[in-house]
Amino acid sequence: MNETRVPENSPLGRATDYCSEYAPHLLFPIPRQQKRDELGLQPDSLPFMGEDLWNAYELSWLNPRGKPVVAIGEFRVPAHSPRLIESKSLKLYLNSFNQTRMDNAEAVSATIARDLSGAAGGSVQVLITPLERKPRRAMGYVQGVCLDGQDIEVTQYSPQPDLLRADAAREVRDEWLFSHLLKSNCLVTGQPDWGTVVIRYSGAALDREALLRYIISFREHNEFHEQCVERIFTDILRQCAPRELAVWARYTRRGGLDINPFRSNRADWTADTLFEVRQ
């Protein structure tokens, strides 16, 4: 791995001068494989497919006459891309459009798609919507069963895959379970990341108390959003052997960005399209 692209060398946790002229070099890609190696995942045989959905709320540029345009952005980074993009570097990159003249939103979208695709090493889908086009957001709660009402005792706050259990004698088909109690910490700065995690599966019934304890066990764990979701997916797949599995998380925004990783071993399962209330 390129030693200059380790998380510790990213802009995270460092005083930063903001550039307001277009600067694609600000993007800081990080190889995914280092963390996947910890999970024993091989790049040519990943047990999942999916994407990382980013929503950007602080996006602006100047039109050809110098008048500001404000917009929101949606970026979909494929899970099979060899690199993820560090979030602060993406924020710095997006801010570099602030004093940059662009012909229209479509030109901005094409530029960002080119730059993010190059950084990630895979085709990134980009949708830019100026606020004058009146974009809408669908807020709501995930379908299924919320795990959080269980009255359990918790003593472990680092990931414990051995907590996970399934009842092979009881089969379920397409069950959705979710929790708002997911909390992890930034791999570099240790700042808390808050999210709602959803598990959709078919197979032996997951033990709900055990699953909630496992989710809470991430509370003092340091990893990026994408890495946490891949760890949850891999641990459930190995410990409980569901036939079909999807895991996704909707994280609270920070710095004008929220990140929503989705991983599944079934191609026709997709994440819900609702925004979580904390986003």
# chains A, B, ... in the order shown; residues from 1 in each chain; ligands from 1
$ select_by_dssp --residues "segment 125-218 of chain A" --states "alpha helix (DSSP H)" --output "tab-separated table (two decimals) with C-alpha atoms, in the first residue's frame"
chain	number	residue	atom	x	y	z
A	208	ARG	CA	-32.07	-10.09	19.01
A	209	GLU	CA	-30.54	-9.52	22.45
A	210	ALA	CA	-27.20	-10.81	21.21
A	211	LEU	CA	-27.41	-8.66	18.09
A	212	LEU	CA	-28.11	-5.51	20.12
A	213	ARG	CA	-25.20	-6.21	22.44
A	214	TYR	CA	-22.99	-6.71	19.40
A	215	ILE	CA	-24.09	-3.39	17.84
A	216	ILE	CA	-23.46	-1.55	21.11
$ closest_atom_pairs --of "segment 101-161 of chain A" --to "segment 230-240 of chain A" --cutoff "10 Å" --atoms "only C-alpha atoms" --output "JSON lines"
{"residue": "A:Pro159", "atom": "CA", "partner": "A:Ile232", "partner_atom": "CA", "distance": 8.9}
{"residue": "A:Gln160", "atom": "CA", "partner": "A:Asp235", "partner_atom": "CA", "distance": 8.9}
{"residue": "A:Pro161", "atom": "CA", "partner": "A:Asp235", "partner_atom": "CA", "distance": 5.7}
$ residues_around --residues "Leu26 of chain A" --least-positions-apart "5" --cutoff "12 Å" --atoms "only C-alpha atoms" --output "PyMOL selection string"
chain A and resi 10-11+16-21+85-97+115-116+119
$ write_last_selection --atoms "N, CA and C atoms" --output "PDB file, in the first residue's frame"
ATOM      1  N   SER A  10      -3.853  11.749   6.332  1.00  0.00           N
ATOM      2  CA  SER A  10      -4.970  12.494   5.752  1.00  0.00           C
ATOM      3  C   SER A  10      -5.114  13.850   6.444  1.00  0.00           C
ATOM      4  N   PRO A  11      -6.002  14.722   5.955  1.00  0.00           N
ATOM      5  CA  PRO A  11      -6.201  16.032   6.602  1.00  0.00           C
ATOM      6  C   PRO A  11      -6.906  15.954   7.957  1.00  0.00           C
ATOM      7  N   THR A  16      -6.284  23.337   8.815  1.00  0.00           N
ATOM      8  CA  THR A  16      -6.348  23.309   7.352  1.00  0.00           C
ATOM      9  C   THR A  16      -6.729  24.671   6.804  1.00  0.00           C
ATOM     10  N   ASP A  17      -6.027  25.107   5.786  1.00  0.00           N
ATOM     11  CA  ASP A  17      -6.421  26.305   5.057  1.00  0.00           C
ATOM     12  C   ASP A  17      -7.428  25.911   3.978  1.00  0.00           C
ATOM     13  N   TYR A  18      -8.543  26.634   3.939  1.00  0.00           N
ATOM     14  CA  TYR A  18      -9.568  26.330   2.965  1.00  0.00           C
ATOM     15  C   TYR A  18      -9.255  27.011   1.646  1.00  0.00           C
ATOM     16  N   CYS A  19      -9.315  26.214   0.592  1.00  0.00           N
ATOM     17  CA  CYS A  19      -9.087  26.715  -0.765  1.00  0.00           C
ATOM     18  C   CYS A  19     -10.445  26.933  -1.430  1.00  0.00           C
ATOM     19  N   SER A  20     -10.648  28.102  -2.039  1.00  0.00           N
ATOM     20  CA  SER A  20     -11.942  28.379  -2.670  1.00  0.00           C
ATOM     21  C   SER A  20     -11.847  28.416  -4.190  1.00  0.00           C
ATOM     22  N   GLU A  21     -10.749  27.921  -4.739  1.00  0.00           N
ATOM     23  CA  GLU A  21     -10.605  27.733  -6.180  1.00  0.00           C
ATOM     24  C   GLU A  21     -10.422  26.247  -6.444  1.00  0.00           C
ATOM     25  N   ILE A  85     -12.786   7.433   0.002  1.00  0.00           N
ATOM     26  CA  ILE A  85     -12.319   8.814   0.011  1.00  0.00           C
ATOM     27  C   ILE A  85     -12.505   9.383   1.408  1.00  0.00           C
ATOM     28  N   GLU A  86     -11.433   9.860   1.984  1.00  0.00           N
ATOM     29  CA  GLU A  86     -11.493  10.387   3.350  1.00  0.00           C
ATOM     30  C   GLU A  86     -12.404  11.616   3.382  1.00  0.00           C
ATOM     31  N   SER A  87     -13.248  11.694   4.416  1.00  0.00           N
ATOM     32  CA  SER A  87     -14.355  12.653   4.407  1.00  0.00           C
ATOM     33  C   SER A  87     -13.916  14.113   4.489  1.00  0.00           C
ATOM     34  N   LYS A  88     -12.919  14.430   5.309  1.00  0.00           N
ATOM     35  CA  LYS A  88     -12.509  15.835   5.391  1.00  0.00           C
ATOM     36  C   LYS A  88     -11.918  16.290   4.069  1.00  0.00           C
ATOM     37  N   SER A  89     -11.187  15.409   3.400  1.00  0.00           N
ATOM     38  CA  SER A  89     -10.623  15.792   2.105  1.00  0.00           C
ATOM     39  C   SER A  89     -11.733  16.060   1.091  1.00  0.00           C
ATOM     40  N   LEU A  90     -12.831  15.303   1.174  1.00  0.00           N
ATOM     41  CA  LEU A  90     -13.957  15.549   0.276  1.00  0.00           C
ATOM     42  C   LEU A  90     -14.595  16.903   0.580  1.00  0.00           C
ATOM     43  N   LYS A  91     -14.710  17.221   1.873  1.00  0.00           N
ATOM     44  CA  LYS A  91     -15.260  18.528   2.243  1.00  0.00           C
ATOM     45  C   LYS A  91     -14.378  19.651   1.700  1.00  0.00           C
ATOM     46  N   LEU A  92     -13.060  19.529   1.869  1.00  0.00           N
ATOM     47  CA  LEU A  92     -12.145  20.550   1.372  1.00  0.00           C
ATOM     48  C   LEU A  92     -12.245  20.677  -0.150  1.00  0.00           C
ATOM     49  N   TYR A  93     -12.342  19.529  -0.811  1.00  0.00           N
ATOM     50  CA  TYR A  93     -12.477  19.530  -2.269  1.00  0.00           C
ATOM     51  C   TYR A  93     -13.755  20.240  -2.700  1.00  0.00           C
ATOM     52  N   LEU A  94     -14.882  19.930  -2.064  1.00  0.00           N
ATOM     53  CA  LEU A  94     -16.148  20.556  -2.440  1.00  0.00           C
ATOM     54  C   LEU A  94     -16.113  22.058  -2.174  1.00  0.00           C
ATOM     55  N   ASN A  95     -15.453  22.473  -1.094  1.00  0.00           N
ATOM     56  CA  ASN A  95     -15.352  23.898  -0.807  1.00  0.00           C
ATOM     57  C   ASN A  95     -14.488  24.627  -1.830  1.00  0.00           C
ATOM     58  N   SER A  96     -13.648  23.883  -2.539  1.00  0.00           N
ATOM     59  CA  SER A  96     -12.807  24.532  -3.540  1.00  0.00           C
ATOM     60  C   SER A  96     -13.609  25.022  -4.750  1.00  0.00           C
ATOM     61  N   PHE A  97     -14.877  24.657  -4.835  1.00  0.00           N
ATOM     62  CA  PHE A  97     -15.741  25.171  -5.899  1.00  0.00           C
ATOM     63  C   PHE A  97     -16.340  26.535  -5.544  1.00  0.00           C
ATOM     64  N   ASP A 115     -13.577  13.433 -10.970  1.00  0.00           N
ATOM     65  CA  ASP A 115     -12.566  13.496  -9.918  1.00  0.00           C
ATOM     66  C   ASP A 115     -12.766  12.403  -8.875  1.00  0.00           C
ATOM     67  N   LEU A 116     -14.010  12.166  -8.462  1.00  0.00           N
ATOM     68  CA  LEU A 116     -14.252  11.126  -7.459  1.00  0.00           C
ATOM     69  C   LEU A 116     -13.994   9.738  -8.029  1.00  0.00           C
ATOM     70  N   ALA A 119     -10.298   9.194  -7.971  1.00  0.00           N
ATOM     71  CA  ALA A 119      -9.787   8.976  -6.619  1.00  0.00           C
ATOM     72  C   ALA A 119     -10.167   7.591  -6.099  1.00  0.00           C
TER      73      ALA A 119
END
$ select_by_dssp --residues "segment 47-136 of chain A" --states "strand (DSSP E or B)" --output "ChimeraX atom specification"
/A:49-62,68-78,83-85,101,125-130
$ atom_distance --atom1 "atom CA of Gly195 of chain A" --atom2 "atom CA of Arg5 of chain A"
26.2 Å
$ closest_residue --among "A:Gly122, A:Pro261, A:Gly73, A:Pro7" --to "Ile30 of chain A" --atoms "only C-alpha atoms"
A:Pro7
$ residues_around --residues "Trp176 of chain A" --least-positions-apart "5" --cutoff "8 Å" --atoms "only C-alpha atoms" --output "short mmCIF file (atom, residue, chain, number, x, y, z; two decimals) with N, CA and C atoms, in the first residue's frame"
data_model
loop_
_atom_site.label_atom_id
_atom_site.label_comp_id
_atom_site.auth_asym_id
_atom_site.auth_seq_id
_atom_site.Cartn_x
_atom_site.Cartn_y
_atom_site.Cartn_z
N GLN A 143 -38.56 0.29 8.10
CA GLN A 143 -39.54 -0.74 8.40
C GLN A 143 -38.86 -1.84 9.21
N GLY A 144 -39.65 -2.63 9.90
CA GLY A 144 -39.08 -3.74 10.64
C GLY A 144 -39.13 -3.53 12.13
N VAL A 145 -38.28 -4.26 12.86
CA VAL A 145 -38.30 -4.29 14.31
C VAL A 145 -37.10 -3.52 14.86
N VAL A 198 -29.13 -1.05 9.97
CA VAL A 198 -30.22 -1.93 9.57
C VAL A 198 -29.64 -3.27 9.12
N ILE A 199 -30.25 -4.35 9.60
CA ILE A 199 -29.88 -5.70 9.17
C ILE A 199 -31.10 -6.35 8.54
N ARG A 200 -30.98 -6.73 7.29
CA ARG A 200 -32.04 -7.45 6.59
C ARG A 200 -31.48 -8.82 6.22
N TYR A 201 -32.22 -9.88 6.52
CA TYR A 201 -31.66 -11.21 6.28
C TYR A 201 -32.75 -12.24 6.09
#
$ residues_around --residues "Arg136 of chain A" --least-positions-apart "5" --cutoff "12 Å" --atoms "only C-alpha atoms" --output "PDB file with N, CA and C atoms, in the first residue's frame"
ATOM      1  N   ILE A  72     -27.390  20.779  -3.367  1.00  0.00           N
ATOM      2  CA  ILE A  72     -27.059  19.586  -2.608  1.00  0.00           C
ATOM      3  C   ILE A  72     -26.530  18.542  -3.580  1.00  0.00           C
ATOM      4  N   THR A 129     -28.129  18.896  -7.403  1.00  0.00           N
ATOM      5  CA  THR A 129     -29.427  19.553  -7.557  1.00  0.00           C
ATOM      6  C   THR A 129     -29.399  20.934  -6.906  1.00  0.00           C
ATOM      7  N   PRO A 130     -29.386  22.011  -7.702  1.00  0.00           N
ATOM      8  CA  PRO A 130     -29.469  23.356  -7.128  1.00  0.00           C
ATOM      9  C   PRO A 130     -30.769  23.535  -6.344  1.00  0.00           C
ATOM     10  N   LEU A 131     -30.710  24.324  -5.286  1.00  0.00           N
ATOM     11  CA  LEU A 131     -31.902  24.505  -4.457  1.00  0.00           C
ATOM     12  C   LEU A 131     -33.027  25.182  -5.222  1.00  0.00           C
ATOM     13  N   THR A 273     -34.796   4.300   1.018  1.00  0.00           N
ATOM     14  CA  THR A 273     -34.505   5.626   0.491  1.00  0.00           C
ATOM     15  C   THR A 273     -34.857   6.745   1.472  1.00  0.00           C
ATOM     16  N   LEU A 274     -35.111   6.382   2.722  1.00  0.00           N
ATOM     17  CA  LEU A 274     -35.495   7.369   3.722  1.00  0.00           C
ATOM     18  C   LEU A 274     -34.275   7.994   4.384  1.00  0.00           C
ATOM     19  N   PHE A 275     -34.363   9.279   4.680  1.00  0.00           N
ATOM     20  CA  PHE A 275     -33.352   9.927   5.495  1.00  0.00           C
ATOM     21  C   PHE A 275     -33.681   9.715   6.966  1.00  0.00           C
TER      22      PHE A 275
END
$ residues_around --residues "segment 183-191 of chain A" --least-positions-apart "3" --cutoff "9 Å" --atoms "only C-alpha atoms" --output "ChimeraX atom specification"
/A:7-8,10,12-13,180,194-196,215-225,228
$ write_last_selection --atoms "N, CA and C atoms" --output "PDB file, in the first residue's frame"
ATOM      1  N   PRO A   7      -4.443   6.466   6.639  1.00  0.00           N
ATOM      2  CA  PRO A   7      -5.332   7.455   7.261  1.00  0.00           C
ATOM      3  C   PRO A   7      -4.605   8.512   8.076  1.00  0.00           C
ATOM      4  N   GLU A   8      -3.502   8.133   8.723  1.00  0.00           N
ATOM      5  CA  GLU A   8      -2.791   9.071   9.581  1.00  0.00           C
ATOM      6  C   GLU A   8      -2.212  10.252   8.800  1.00  0.00           C
ATOM      7  N   SER A  10      -3.853  11.749   6.332  1.00  0.00           N
ATOM      8  CA  SER A  10      -4.970  12.494   5.752  1.00  0.00           C
ATOM      9  C   SER A  10      -5.114  13.850   6.444  1.00  0.00           C
ATOM     10  N   LEU A  12      -7.394  14.765   8.330  1.00  0.00           N
ATOM     11  CA  LEU A  12      -8.139  14.642   9.577  1.00  0.00           C
ATOM     12  C   LEU A  12      -7.309  15.085  10.778  1.00  0.00           C
ATOM     13  N   GLY A  13      -7.943  15.874  11.651  1.00  0.00           N
ATOM     14  CA  GLY A  13      -7.295  16.283  12.889  1.00  0.00           C
ATOM     15  C   GLY A  13      -6.200  17.316  12.723  1.00  0.00           C
ATOM     16  N   HIS A 180     -30.861   2.279  16.600  1.00  0.00           N
ATOM     17  CA  HIS A 180     -30.333   3.643  16.568  1.00  0.00           C
ATOM     18  C   HIS A 180     -29.108   3.784  17.477  1.00  0.00           C
ATOM     19  N   TRP A 194     -22.241   8.797  14.908  1.00  0.00           N
ATOM     20  CA  TRP A 194     -23.536   8.282  15.352  1.00  0.00           C
ATOM     21  C   TRP A 194     -24.330   7.799  14.146  1.00  0.00           C
ATOM     22  N   GLY A 195     -25.010   6.667  14.301  1.00  0.00           N
ATOM     23  CA  GLY A 195     -25.758   6.171  13.160  1.00  0.00           C
ATOM     24  C   GLY A 195     -26.865   5.200  13.531  1.00  0.00           C
ATOM     25  N   THR A 196     -27.735   4.946  12.567  1.00  0.00           N
ATOM     26  CA  THR A 196     -28.741   3.897  12.638  1.00  0.00           C
ATOM     27  C   THR A 196     -28.294   2.771  11.714  1.00  0.00           C
ATOM     28  N   ILE A 215     -24.067  -4.739  18.420  1.00  0.00           N
ATOM     29  CA  ILE A 215     -24.093  -3.394  17.845  1.00  0.00           C
ATOM     30  C   ILE A 215     -23.527  -2.380  18.839  1.00  0.00           C
ATOM     31  N   ILE A 216     -23.940  -2.482  20.087  1.00  0.00           N
ATOM     32  CA  ILE A 216     -23.455  -1.552  21.111  1.00  0.00           C
ATOM     33  C   ILE A 216     -21.960  -1.734  21.346  1.00  0.00           C
ATOM     34  N   SER A 217     -21.435  -2.918  21.070  1.00  0.00           N
ATOM     35  CA  SER A 217     -20.017  -3.172  21.328  1.00  0.00           C
ATOM     36  C   SER A 217     -19.093  -2.347  20.434  1.00  0.00           C
ATOM     37  N   PHE A 218     -19.635  -1.658  19.437  1.00  0.00           N
ATOM     38  CA  PHE A 218     -18.822  -0.774  18.603  1.00  0.00           C
ATOM     39  C   PHE A 218     -18.596   0.593  19.260  1.00  0.00           C
ATOM     40  N   ARG A 219     -19.132   0.803  20.420  1.00  0.00           N
ATOM     41  CA  ARG A 219     -19.199   2.138  21.015  1.00  0.00           C
ATOM     42  C   ARG A 219     -17.829   2.791  21.227  1.00  0.00           C
ATOM     43  N   GLU A 220     -16.795   2.015  21.467  1.00  0.00           N
ATOM     44  CA  GLU A 220     -15.456   2.579  21.653  1.00  0.00           C
ATOM     45  C   GLU A 220     -14.502   2.150  20.529  1.00  0.00           C
ATOM     46  N   HIS A 221     -15.059   1.709  19.432  1.00  0.00           N
ATOM     47  CA  HIS A 221     -14.266   1.190  18.317  1.00  0.00           C
ATOM     48  C   HIS A 221     -13.922   2.309  17.344  1.00  0.00           C
ATOM     49  N   ASN A 222     -12.671   2.351  16.890  1.00  0.00           N
ATOM     50  CA  ASN A 222     -12.205   3.371  15.949  1.00  0.00           C
ATOM     51  C   ASN A 222     -12.095   2.793  14.545  1.00  0.00           C
ATOM     52  N   GLU A 223     -12.991   3.221  13.667  1.00  0.00           N
ATOM     53  CA  GLU A 223     -12.972   2.799  12.272  1.00  0.00           C
ATOM     54  C   GLU A 223     -13.832   3.743  11.463  1.00  0.00           C
ATOM     55  N   PHE A 224     -13.546   3.859  10.174  1.00  0.00           N
ATOM     56  CA  PHE A 224     -14.383   4.672   9.306  1.00  0.00           C
ATOM     57  C   PHE A 224     -15.747   3.999   9.122  1.00  0.00           C
ATOM     58  N   HIS A 225     -16.729   4.799   8.714  1.00  0.00           N
ATOM     59  CA  HIS A 225     -18.102   4.313   8.533  1.00  0.00           C
ATOM     60  C   HIS A 225     -18.155   3.062   7.653  1.00  0.00           C
ATOM     61  N   CYS A 228     -16.807  -0.048   9.366  1.00  0.00           N
ATOM     62  CA  CYS A 228     -17.692  -0.605  10.395  1.00  0.00           C
ATOM     63  C   CYS A 228     -18.790  -1.454   9.769  1.00  0.00           C
TER      64      CYS A 228
END
$ atom_distance --atom1 "atom CA of Leu164 of chain A" --atom2 "atom CA of Arg278 of chain A"
27.3 Å
$ residues_around --residues "segment 62-66 of chain A" --least-positions-apart "2" --cutoff "6 Å" --atoms "only C-alpha atoms" --output "list in words"
Pro68, Val69, Thr100, Arg101, Met102 and Asp103 of chain A
$ write_last_selection --atoms "C-alpha atoms" --output "PDB file, in the first residue's frame"
ATOM      1  CA  PRO A  68     -23.369  32.099  -6.425  1.00  0.00           C
ATOM      2  CA  VAL A  69     -25.369  28.910  -6.878  1.00  0.00           C
ATOM      3  CA  THR A 100     -14.971  28.732  -9.131  1.00  0.00           C
ATOM      4  CA  ARG A 101     -17.066  29.714 -12.152  1.00  0.00           C
ATOM      5  CA  MET A 102     -18.958  26.824 -13.706  1.00  0.00           C
ATOM      6  CA  ASP A 103     -21.346  26.820 -16.659  1.00  0.00           C
TER       7      ASP A 103
END
$ atom_distance --atom1 "atom CA of Arg254 of chain A" --atom2 "atom CA of Asp52 of chain A"
15.6 Å
$ closest_residue --among "A:Pro43, A:Val6, A:Trp54, A:Pro29" --to "Ile259 of chain A" --atoms "only C-alpha atoms"
A:Trp54
$ closest_residue --among "A:Val172, A:Gln34, A:Ser60, A:Gly121" --to "Gln99 of chain A" --atoms "only C-alpha atoms"
A:Ser60
$ closest_residue --among "A:Ala105, A:Asn55, A:Asn265, A:Gly118" --to "Arg250 of chain A" --atoms "only C-alpha atoms"
A:Asn55
